[in-house]
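Here's start.pdb, which has PDB, C-alpha atoms:
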ATOM      1  CA  MET E   1      19.447 -34.201   2.234
ATOM      2  CA  LYS E   2      16.525 -32.398   0.592
ATOM      3  CA  LYS E   3      16.205 -28.730   1.505
ATOM      4  CA  LYS E   4      13.096 -27.539   3.300
ATOM      5  CA  LYS E   5      11.060 -25.497   0.806
ATOM      6  CA  VAL E   6       9.589 -22.450   2.570
ATOM      7  CA  VAL E   7       7.346 -19.728   1.166
ATOM      8  CA  VAL E   8       7.707 -16.617   3.329
ATOM      9  CA  ALA E   9       5.053 -13.887   3.277
ATOM     10  CA  LEU E  10       6.343 -10.552   4.589
ATOM     11  CA  GLY E  11       3.833  -8.114   6.065
ATOM     12  CA  HIS E  12       3.901  -4.336   6.532
ATOM     13  CA  LYS E  13       6.427  -4.539   9.383
ATOM     14  CA  ALA E  14       9.016  -5.858   6.928
ATOM     15  CA  LEU E  15       8.599  -2.976   4.473
ATOM     16  CA  GLY E  16       7.501   0.218   6.196
ATOM     17  CA  ALA E  17       5.181   2.737   4.547
ATOM     18  CA  THR E  18       7.485   5.376   2.993
ATOM     19  CA  LEU E  19      10.658   5.254   0.905
ATOM     20  CA  PRO E  20      13.015   5.972   3.851
ATOM     21  CA  GLU E  21      11.094   3.543   6.090
ATOM     22  CA  GLN E  22      11.261   0.860   3.424
ATOM     23  CA  GLN E  23      15.012   1.144   2.954
ATOM     24  CA  SER E  24      15.485   0.700   6.710
ATOM     25  CA  ALA E  25      12.839  -1.996   7.144
ATOM     26  CA  VAL E  26      14.102  -4.255   4.345
ATOM     27  CA  ARG E  27      17.545  -4.402   5.948
ATOM     28  CA  HIS E  28      15.893  -5.763   9.081
ATOM     29  CA  ALA E  29      13.762  -8.202   7.054
ATOM     30  CA  ALA E  30      16.846  -9.329   5.137
ATOM     31  CA  LYS E  31      18.377 -10.637   8.379
ATOM     32  CA  ALA E  32      15.334 -12.859   8.952
ATOM     33  CA  ILE E  33      15.501 -14.189   5.385
ATOM     34  CA  ALA E  34      19.264 -14.749   5.611
ATOM     35  CA  ASP E  35      18.694 -16.787   8.791
ATOM     36  CA  LEU E  36      16.466 -19.133   6.787
ATOM     37  CA  VAL E  37      18.930 -19.424   3.907
ATOM     38  CA  GLU E  38      21.736 -20.046   6.400
ATOM     39  CA  ALA E  39      19.594 -22.844   7.876
ATOM     40  CA  ASP E  40      19.671 -24.461   4.414
ATOM     41  CA  CYS E  41      16.085 -23.643   3.433
ATOM     42  CA  GLN E  42      14.923 -23.136  -0.144
ATOM     43  CA  VAL E  43      13.242 -19.732   0.194
ATOM     44  CA  VAL E  44      10.611 -18.012  -1.945
ATOM     45  CA  ILE E  45       9.340 -14.646  -0.681
ATOM     46  CA  SER E  46       6.119 -12.744  -1.188
ATOM     47  CA  HIS E  47       5.319  -9.389   0.386
ATOM     48  CA  SER E  48       2.626  -6.810   1.055
ATOM     49  CA  ASN E  49       2.400  -3.513  -0.851
ATOM     50  CA  ALA E  50      -0.665  -1.605   0.422
ATOM     51  CA  PRO E  51       1.006   1.724   1.363
ATOM     52  CA  GLN E  52       3.321   1.564  -1.651
ATOM     53  CA  VAL E  53       0.679   0.864  -4.283
ATOM     54  CA  GLY E  54      -1.558   3.542  -2.755
ATOM     55  CA  MET E  55       1.283   6.060  -2.974
ATOM     56  CA  ILE E  56       1.988   5.159  -6.593
ATOM     57  CA  HIS E  57      -1.694   5.294  -7.553
ATOM     58  CA  THR E  58      -2.061   8.727  -5.948
ATOM     59  CA  ALA E  59       1.129  10.082  -7.533
ATOM     60  CA  MET E  60       0.268   8.833 -11.032
ATOM     61  CA  ASN E  61      -3.260  10.221 -10.881
ATOM     62  CA  GLU E  62      -2.067  13.592  -9.562
ATOM     63  CA  PHE E  63       0.426  13.706 -12.433
ATOM     64  CA  GLY E  64      -2.361  12.926 -14.878
ATOM     65  CA  LYS E  65      -4.450  15.782 -13.474
ATOM     66  CA  GLN E  66      -1.610  18.259 -13.968
ATOM     67  CA  HIS E  67      -0.704  16.964 -17.444
ATOM     68  CA  PRO E  68      -3.850  16.351 -19.518
ATOM     69  CA  GLY E  69      -1.830  14.731 -22.294
ATOM     70  CA  TYR E  70      -1.050  11.758 -20.011
ATOM     71  CA  THR E  71      -3.519   9.037 -19.126
ATOM     72  CA  PHE E  72      -4.227   7.899 -15.591
ATOM     73  CA  ALA E  73      -2.420   4.723 -14.485
ATOM     74  CA  PRO E  74      -4.664   1.658 -14.000
ATOM     75  CA  MET E  75      -4.373  -0.383 -10.807
ATOM     76  CA  SER E  76      -2.589  -3.241 -12.591
ATOM     77  CA  VAL E  77       0.193  -0.873 -13.698
ATOM     78  CA  CYS E  78       0.498   0.605 -10.193
ATOM     79  CA  SER E  79       0.770  -2.931  -8.797
ATOM     80  CA  ALA E  80       3.543  -3.742 -11.282
ATOM     81  CA  MET E  81       5.424  -0.581 -10.289
ATOM     82  CA  SER E  82       5.168  -1.460  -6.602
ATOM     83  CA  GLN E  83       6.506  -4.972  -7.245
ATOM     84  CA  GLY E  84       9.467  -3.493  -9.078
ATOM     85  CA  TYR E  85      10.629  -0.954  -6.539
ATOM     86  CA  ILE E  86       9.907  -3.084  -3.465
ATOM     87  CA  GLY E  87      11.718  -6.002  -5.099
ATOM     88  CA  TYR E  88      14.647  -3.716  -5.941
ATOM     89  CA  ASP E  89      15.139  -2.685  -2.295
ATOM     90  CA  LEU E  90      14.395  -6.121  -0.865
ATOM     91  CA  GLN E  91      16.611  -8.173  -3.158
ATOM     92  CA  ASN E  92      19.565  -5.840  -2.702
ATOM     93  CA  ALA E  93      19.176  -5.905   1.091
ATOM     94  CA  ILE E  94      19.011  -9.728   1.119
ATOM     95  CA  ARG E  95      21.970 -10.023  -1.267
ATOM     96  CA  GLU E  96      24.080  -7.727   0.928
ATOM     97  CA  GLU E  97      23.148  -9.565   4.123
ATOM     98  CA  LEU E  98      23.979 -12.948   2.578
ATOM     99  CA  LEU E  99      27.353 -11.731   1.304
ATOM    100  CA  ASN E 100      28.129 -10.252   4.724
ATOM    101  CA  ARG E 101      27.674 -13.785   6.083
ATOM    102  CA  GLY E 102      29.886 -15.299   3.408
ATOM    103  CA  ILE E 103      26.941 -16.812   1.500
ATOM    104  CA  SER E 104      26.972 -16.471  -2.290
ATOM    105  CA  CYS E 105      23.364 -16.908  -3.385
ATOM    106  CA  PRO E 106      21.616 -15.042  -6.216
ATOM    107  CA  VAL E 107      18.434 -13.136  -5.353
ATOM    108  CA  ALA E 108      15.877 -12.387  -8.071
ATOM    109  CA  THR E 109      12.556 -10.557  -8.260
ATOM    110  CA  ILE E 110       9.926 -11.917 -10.642
ATOM    111  CA  LEU E 111       7.264  -9.507 -11.879
ATOM    112  CA  THR E 112       4.290 -11.759 -11.190
ATOM    113  CA  GLN E 113       0.825 -11.843 -12.736
ATOM    114  CA  VAL E 114      -1.939 -13.694 -10.897
ATOM    115  CA  VAL E 115      -5.014 -14.896 -12.758
ATOM    116  CA  VAL E 116      -8.411 -14.099 -11.237
ATOM    117  CA  ASN E 117     -11.931 -15.094 -12.237
ATOM    118  CA  PRO E 118     -13.889 -12.302 -13.981
ATOM    119  CA  TYR E 119     -17.030 -13.615 -12.258
ATOM    120  CA  ASP E 120     -15.504 -13.550  -8.760
ATOM    121  CA  ASP E 121     -18.106 -12.227  -6.312
ATOM    122  CA  SER E 122     -15.712  -9.546  -5.102
ATOM    123  CA  PHE E 123     -16.053  -7.639  -8.386
ATOM    124  CA  TYR E 124     -19.625  -6.893  -7.311
ATOM    125  CA  LYS E 125     -18.655  -6.104  -3.711
ATOM    126  CA  PRO E 126     -15.394  -4.080  -3.685
ATOM    127  CA  VAL E 127     -13.721  -3.826  -0.277
ATOM    128  CA  LYS E 128     -10.180  -2.421  -0.713
ATOM    129  CA  ILE E 129      -9.868   1.344  -0.208
ATOM    130  CA  ILE E 130      -6.980   2.863  -2.167
ATOM    131  CA  GLY E 131      -5.494   6.140  -3.330
ATOM    132  CA  ARG E 132      -5.928   9.755  -2.331
ATOM    133  CA  VAL E 133      -8.890  11.568  -0.767
ATOM    134  CA  MET E 134     -11.112  13.130  -3.459
ATOM    135  CA  THR E 135     -13.764  15.844  -3.565
ATOM    136  CA  ARG E 136     -17.370  15.018  -4.420
ATOM    137  CA  GLU E 137     -16.833  16.274  -7.989
ATOM    138  CA  GLU E 138     -13.738  14.098  -8.446
ATOM    139  CA  ALA E 139     -15.613  11.123  -6.994
ATOM    140  CA  ASP E 140     -18.455  11.684  -9.462
ATOM    141  CA  ALA E 141     -15.907  11.696 -12.295
ATOM    142  CA  GLU E 142     -14.503   8.365 -11.056
ATOM    143  CA  GLU E 143     -17.975   6.853 -10.962
ATOM    144  CA  GLU E 144     -18.621   8.049 -14.517
ATOM    145  CA  LYS E 145     -15.582   5.981 -15.568
ATOM    146  CA  GLY E 146     -17.187   2.901 -13.989
ATOM    147  CA  ASN E 147     -15.080   2.962 -10.809
ATOM    148  CA  TYR E 148     -16.432   2.580  -7.273
ATOM    149  CA  VAL E 149     -15.928   5.203  -4.581
ATOM    150  CA  VAL E 150     -16.693   5.290  -0.865
ATOM    151  CA  LYS E 151     -17.125   8.182   1.564
ATOM    152  CA  THR E 152     -14.231   8.429   4.020
ATOM    153  CA  GLU E 153     -12.871  10.954   6.491
ATOM    154  CA  GLY E 154     -12.220  14.178   4.595
ATOM    155  CA  GLY E 155     -13.939  13.195   1.347
ATOM    156  CA  TYR E 156     -14.099  10.163  -0.936
ATOM    157  CA  ARG E 157     -11.675   7.437  -2.039
ATOM    158  CA  ARG E 158     -11.545   4.691  -4.660
ATOM    159  CA  ILE E 159     -12.597   1.219  -3.582
ATOM    160  CA  VAL E 160     -11.636  -1.868  -5.577
ATOM    161  CA  SER E 161     -12.367  -5.586  -5.432
ATOM    162  CA  ALA E 162     -10.194  -8.291  -3.871
ATOM    163  CA  PRO E 163     -10.713 -11.416  -6.018
ATOM    164  CA  LYS E 164      -9.285 -14.812  -5.076
ATOM    165  CA  PRO E 165      -6.063 -15.907  -6.821
ATOM    166  CA  GLU E 166      -6.589 -18.842  -9.185
ATOM    167  CA  ASP E 167      -3.287 -19.289 -11.016
ATOM    168  CA  ILE E 168       0.182 -17.728 -11.201
ATOM    169  CA  VAL E 169       1.337 -16.980 -14.738
ATOM    170  CA  GLU E 170       5.078 -17.015 -13.984
ATOM    171  CA  ILE E 171       5.016 -20.072 -11.699
ATOM    172  CA  GLU E 172       7.414 -22.097 -13.902
ATOM    173  CA  ALA E 173       9.976 -19.280 -13.884
ATOM    174  CA  ILE E 174       9.667 -19.006 -10.093
ATOM    175  CA  ARG E 175      10.048 -22.771  -9.679
ATOM    176  CA  THR E 176      13.048 -22.955 -12.021
ATOM    177  CA  LEU E 177      14.950 -20.187 -10.231
ATOM    178  CA  SER E 178      14.105 -21.592  -6.794
ATOM    179  CA  ASP E 179      15.164 -25.126  -7.760
ATOM    180  CA  ALA E 180      18.421 -23.652  -9.068
ATOM    181  CA  GLY E 181      19.210 -22.406  -5.550
ATOM    182  CA  GLN E 182      18.189 -18.767  -5.895
ATOM    183  CA  VAL E 183      16.175 -16.759  -3.392
ATOM    184  CA  VAL E 184      13.109 -15.640  -5.330
ATOM    185  CA  ILE E 185      10.806 -12.688  -4.607
ATOM    186  CA  ALA E 186       7.423 -13.145  -6.293
ATOM    187  CA  CYS E 187       3.696 -12.355  -6.038
ATOM    188  CA  GLY E 188       4.447  -8.947  -4.491
ATOM    189  CA  GLY E 189       1.301  -7.357  -3.109
ATOM    190  CA  GLY E 190      -0.654 -10.458  -4.074
ATOM    191  CA  GLY E 191       0.536 -10.228  -7.663
ATOM    192  CA  ILE E 192      -0.744  -8.180 -10.595
ATOM    193  CA  PRO E 193      -4.385  -9.281 -11.025
ATOM    194  CA  VAL E 194      -5.075 -10.288 -14.624
ATOM    195  CA  LEU E 195      -7.957 -11.776 -16.598
ATOM    196  CA  ARG E 196      -7.383 -14.349 -19.339
ATOM    197  CA  GLN E 197      -8.860 -13.286 -22.672
ATOM    198  CA  GLY E 198      -7.691 -15.915 -25.139
ATOM    199  CA  ASN E 199      -3.918 -15.488 -25.392
ATOM    200  CA  ARG E 200      -4.100 -12.021 -23.859
ATOM    201  CA  LEU E 201      -3.716 -11.157 -20.188
ATOM    202  CA  LYS E 202      -5.740  -8.058 -19.295
ATOM    203  CA  GLY E 203      -5.023  -6.193 -16.066
ATOM    204  CA  ALA E 204      -7.940  -6.079 -13.633
ATOM    205  CA  SER E 205      -8.890  -3.111 -11.452
ATOM    206  CA  ALA E 206      -8.425  -5.039  -8.235
ATOM    207  CA  VAL E 207      -6.068  -5.897  -5.395
ATOM    208  CA  ILE E 208      -5.399  -9.514  -4.413
ATOM    209  CA  GLU E 209      -4.948 -10.398  -0.749
ATOM    210  CA  LYS E 210      -1.224 -10.991  -0.314
ATOM    211  CA  ASP E 211      -1.708 -13.891   2.080
ATOM    212  CA  LEU E 212      -4.102 -15.734  -0.232
ATOM    213  CA  ALA E 213      -1.651 -15.315  -3.132
ATOM    214  CA  SER E 214       1.172 -16.525  -0.878
ATOM    215  CA  GLY E 215      -0.832 -19.612   0.002
ATOM    216  CA  ARG E 216      -1.531 -20.304  -3.670
ATOM    217  CA  LEU E 217       2.162 -19.806  -4.437
ATOM    218  CA  ALA E 218       3.096 -22.321  -1.732
ATOM    219  CA  GLU E 219       0.555 -24.816  -3.084
ATOM    220  CA  LEU E 220       1.773 -24.551  -6.684
ATOM    221  CA  LEU E 221       5.419 -24.893  -5.591
ATOM    222  CA  ASP E 222       4.507 -27.854  -3.354
ATOM    223  CA  ALA E 223       6.295 -26.148  -0.473
ATOM    224  CA  ASP E 224       6.844 -27.834   2.883
ATOM    225  CA  MET E 225       5.987 -24.734   4.899
ATOM    226  CA  LEU E 226       4.090 -21.476   4.538
ATOM    227  CA  LEU E 227       5.584 -18.889   6.891
ATOM    228  CA  LEU E 228       3.337 -15.837   7.402
ATOM    229  CA  LEU E 229       5.382 -13.165   9.183
ATOM    230  CA  THR E 230       3.456 -10.360  10.862
ATOM    231  CA  GLY E 231       3.811  -7.909  13.727
ATOM    232  CA  GLU E 232       2.169 -10.317  16.194
ATOM    233  CA  LYS E 233       3.787 -13.172  18.107
ATOM    234  CA  LYS E 234       0.837 -15.544  17.626
ATOM    235  CA  LEU E 235      -2.809 -15.813  16.700
ATOM    236  CA  TYR E 236      -5.258 -15.012  19.484
ATOM    237  CA  LEU E 237      -8.811 -15.923  20.313
ATOM    238  CA  ASN E 238     -10.893 -12.927  21.428
ATOM    239  CA  TYR E 239      -8.117 -10.629  20.211
ATOM    240  CA  GLY E 240      -7.959  -7.300  22.035
ATOM    241  CA  LYS E 241     -10.363  -8.384  24.796
ATOM    242  CA  GLU E 242      -9.748  -9.159  28.455
ATOM    243  CA  ASN E 243     -10.218 -12.880  27.796
ATOM    244  CA  SER E 244      -7.730 -12.902  24.910
ATOM    245  CA  GLN E 245      -6.058 -16.295  24.542
ATOM    246  CA  PRO E 246      -2.869 -17.062  22.520
ATOM    247  CA  LEU E 247      -2.906 -20.080  20.230
ATOM    248  CA  ASP E 248       0.288 -22.144  20.141
ATOM    249  CA  THR E 249      -1.097 -24.787  17.790
ATOM    250  CA  LEU E 250      -4.206 -24.991  15.660
ATOM    251  CA  SER E 251      -5.738 -27.835  13.681
ATOM    252  CA  VAL E 252      -7.442 -27.258  10.339
ATOM    253  CA  GLU E 253     -10.752 -28.328  11.882
ATOM    254  CA  LYS E 254     -10.433 -25.856  14.771
ATOM    255  CA  ALA E 255      -9.350 -23.097  12.397
ATOM    256  CA  ARG E 256     -12.481 -23.621  10.300
ATOM    257  CA  THR E 257     -14.618 -23.459  13.447
ATOM    258  CA  TYR E 258     -13.011 -20.209  14.564
ATOM    259  CA  ILE E 259     -13.412 -18.728  11.081
ATOM    260  CA  ALA E 260     -17.135 -19.555  11.174
ATOM    261  CA  GLU E 261     -17.376 -17.916  14.621
ATOM    262  CA  GLY E 262     -15.817 -14.702  13.269
ATOM    263  CA  GLN E 263     -12.787 -14.916  15.550
ATOM    264  CA  PHE E 264     -10.362 -13.483  12.998
ATOM    265  CA  GLN E 265     -10.454  -9.918  11.724
ATOM    266  CA  GLU E 266     -11.303  -9.499   8.041
ATOM    267  CA  GLY E 267      -8.640  -7.838   5.923
ATOM    268  CA  SER E 268      -5.810  -8.683   8.335
ATOM    269  CA  ILE E 269      -5.778 -11.998  10.223
ATOM    270  CA  LEU E 270      -8.618 -13.794   8.420
ATOM    271  CA  PRO E 271      -6.832 -14.069   5.022
ATOM    272  CA  LYS E 272      -3.801 -15.566   6.805
ATOM    273  CA  VAL E 273      -5.879 -18.262   8.457
ATOM    274  CA  VAL E 274      -7.817 -18.993   5.247
ATOM    275  CA  ALA E 275      -4.530 -19.313   3.327
ATOM    276  CA  ALA E 276      -3.112 -21.565   6.038
ATOM    277  CA  VAL E 277      -6.121 -23.878   5.989
ATOM    278  CA  SER E 278      -6.088 -24.170   2.193
ATOM    279  CA  PHE E 279      -2.342 -24.890   2.058
ATOM    280  CA  VAL E 280      -2.195 -27.350   4.957
ATOM    281  CA  SER E 281      -5.288 -29.305   3.931
ATOM    282  CA  GLY E 282      -3.980 -29.759   0.379
ATOM    283  CA  LYS E 283      -1.375 -32.418   1.236
ATOM    284  CA  PRO E 284      -0.291 -34.375   4.340
ATOM    285  CA  GLY E 285       2.810 -33.082   6.110
ATOM    286  CA  ARG E 286       2.406 -29.427   5.182
ATOM    287  CA  VAL E 287       2.708 -26.829   7.941
ATOM    288  CA  THR E 288       1.844 -23.141   8.236
ATOM    289  CA  VAL E 289       3.300 -20.932  10.956
ATOM    290  CA  ILE E 290       1.992 -17.432  11.683
ATOM    291  CA  ALA E 291       4.592 -15.518  13.687
ATOM    292  CA  ASP E 292       6.416 -12.251  14.266
ATOM    293  CA  LEU E 293       9.080 -11.242  11.755
ATOM    294  CA  ASP E 294      11.733 -11.295  14.481
ATOM    295  CA  ASP E 295      10.939 -14.946  15.227
ATOM    296  CA  ALA E 296      11.346 -16.160  11.627
ATOM    297  CA  LYS E 297      13.992 -18.817  12.244
ATOM    298  CA  ALA E 298      12.339 -20.132  15.405
ATOM    299  CA  ALA E 299       9.015 -20.226  13.551
ATOM    300  CA  MET E 300      10.605 -22.221  10.725
ATOM    301  CA  GLU E 301      11.806 -24.676  13.386
ATOM    302  CA  GLU E 302       8.241 -24.713  14.803
ATOM    303  CA  LYS E 303       9.430 -23.199  18.087
ATOM    304  CA  ALA E 304       7.516 -19.898  17.823
ATOM    305  CA  GLY E 305       4.269 -18.477  16.526
ATOM    306  CA  THR E 306       1.018 -20.344  15.929
ATOM    307  CA  ILE E 307       1.562 -23.663  14.195
ATOM    308  CA  ILE E 308      -1.249 -24.886  11.940
ATOM    309  CA  ARG E 309      -1.179 -28.468  10.711
TER     310      ARG E 309
END
Turn the structure described in the file into structure tokens.
Amino acid sequence: MKKKKVVVALGHKALGATLPEQQSAVRHAAKAIADLVEADCQVVISHSNAPQVGMIHTAMNEFGKQHPGYTFAPMSVCSAMSQGYIGYDLQNAIREELLNRGISCPVATILTQVVVNPYDDSFYKPVKIIGRVMTREEADAEEEKGNYVVKTEGGYRRIVSAPKPEDIVEIEAIRTLSDAGQVVIACGGGGIPVLRQGNRLKGASAVIEKDLASGRLAELLDADMLLLLTGEKKLYLNYGKENSQPLDTLSVEKARTYIAEGQFQEGSILPKVVAAVSFVSGKPGRVTVIADLDDAKAAMEEKAGTIIR
């Protein structure tokens, strides 16, 4: 019998925000992933990286300030670093959990580059705040380099674009490892955003929405299910209000209506719903479930979360 191919997107709850938190959180996340492997699913994992990449960006730039002989690290390099150390913790936690259950299954992290369009509208309207708080003088220096800054509490911070993912450079490697029975971790933090310049891939100063990259990953792998694991049990209409209403199921048509009405918060829930709609509408039979991390197996069985078809 053919295995169910599931792309799992892990949110902040699965990773924590600091090194100690991450080491604890990934052990918890590993149990959810092992449940899916134990249920005979073919699993490919993506994950968030916002606190981690911000920490790396801040640390590298502070180092550069103290050591003038070193250059500042571009966002693409910081993204690559975050993929590496998150993947390191996550793959080891999953491997250990699988072995504890008597399951011998390799786990691999793929450093993943995601192609974006240089003319994407987001490059003209940056929205992602990153890095440390700066003084006015430091902010002016960033602007002189061509970077965008925004005033925040306590000073100023960098703000970068969030372009849409168009293609995944390492998709064949991901597919090959997954088809060989390995658990694959890929597109961490939405992937390293790159621009195609002939045969060269140039890193872009941007951050890709993890959920949109996860949806694109699921599409390119022709997955059966996209499983978006968050800290919420379901999607809600009128979230946070007295007339809040949980959604057990959601059609693509209804989802598009709710998106147009502004029902889903930008930067958190909206990208999940947009990714779900794109994935599900691409081929009959596909399903997306948005659910809590602790309900991963039940969500895979379509017994928990919000089911979008």
Rounded to one decimal in Å, what is the spacing between atom CA of Val287 of chain E and atom CA of Cys41 of chain E?
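Atom-to-atom, atom CA of Val287 of chain E to atom CA of Cys41 of chain E, that is 14.5 Å.
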Quick one: of E:Leu237, E:Val6, E:Leu212, E:Leu229, who's nearest to Asp295 of chain E, counting only C-alpha atoms?
E:Leu229
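Here the question is which of E:Val114, E:Val149, E:Val8, E:Ile269 gets nearest to Glu137 of chain E using only C-alpha atoms, and that residue is E:Val149.
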Just give me the gap between atom CA of Leu99 of chain E and atom CA of Val183 of chain E in Å, one decimal is fine.
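Atom CA of Leu99 of chain E sits 13.1 Å away from atom CA of Val183 of chain E.
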Distance of atom CA of Phe279 of chain E from atom CA of Val107 of chain E, expressed in Å to one decimal place
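That distance, rounded to one decimal, is 25.0 Å.
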With all atoms listed in the file as the atoms that count, which of E:Ile94, E:Val207, E:Met75, E:Val26 lies nearest to Val116 of chain E?
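Comparing E:Ile94, E:Val207, E:Met75, E:Val26 against Val116 of chain E, the winner is E:Val207.
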Result set of the PyMOL selection byres ((chain E and resi 193-196) around 8) on the coordinates above, as a ChimeraX atom specification:
/E:76,113-118,190-192,197-208
Please write the residues picked by the PyMOL selection byres ((chain E and resi 263) around 12) on this file as a PyMOL selection string.
chain E and resi 235-241+244-245+254-262+264-266+268-270+273
Any chance you could export the current selection's C-alpha atoms as an mmCIF file, in the frame of the given file?
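part26.cif was written with the following content:
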data_model
loop_
_atom_site.group_PDB
_atom_site.id
_atom_site.type_symbol
_atom_site.label_atom_id
_atom_site.label_comp_id
_atom_site.auth_asym_id
_atom_site.auth_seq_id
_atom_site.Cartn_x
_atom_site.Cartn_y
_atom_site.Cartn_z
ATOM 1 C CA LEU E 235 -2.809 -15.813 16.700
ATOM 2 C CA TYR E 236 -5.258 -15.012 19.484
ATOM 3 C CA LEU E 237 -8.811 -15.923 20.313
ATOM 4 C CA ASN E 238 -10.893 -12.927 21.428
ATOM 5 C CA TYR E 239 -8.117 -10.629 20.211
ATOM 6 C CA GLY E 240 -7.959 -7.300 22.035
ATOM 7 C CA LYS E 241 -10.363 -8.384 24.796
ATOM 8 C CA SER E 244 -7.730 -12.902 24.910
ATOM 9 C CA GLN E 245 -6.058 -16.295 24.542
ATOM 10 C CA LYS E 254 -10.433 -25.856 14.771
ATOM 11 C CA ALA E 255 -9.350 -23.097 12.397
ATOM 12 C CA ARG E 256 -12.481 -23.621 10.300
ATOM 13 C CA THR E 257 -14.618 -23.459 13.447
ATOM 14 C CA TYR E 258 -13.011 -20.209 14.564
ATOM 15 C CA ILE E 259 -13.412 -18.728 11.081
ATOM 16 C CA ALA E 260 -17.135 -19.555 11.174
ATOM 17 C CA GLU E 261 -17.376 -17.916 14.621
ATOM 18 C CA GLY E 262 -15.817 -14.702 13.269
ATOM 19 C CA PHE E 264 -10.362 -13.483 12.998
ATOM 20 C CA GLN E 265 -10.454 -9.918 11.724
ATOM 21 C CA GLU E 266 -11.303 -9.499 8.041
ATOM 22 C CA SER E 268 -5.810 -8.683 8.335
ATOM 23 C CA ILE E 269 -5.778 -11.998 10.223
ATOM 24 C CA LEU E 270 -8.618 -13.794 8.420
ATOM 25 C CA VAL E 273 -5.879 -18.262 8.457
#
Check what the PyMOL selection byres ((chain E and resi 223) around 10) selects in the file above and give those residues as an MDAnalysis selection string.
chainID E and resid 4:7 42:44 215 217:222 224:226 279 286:287
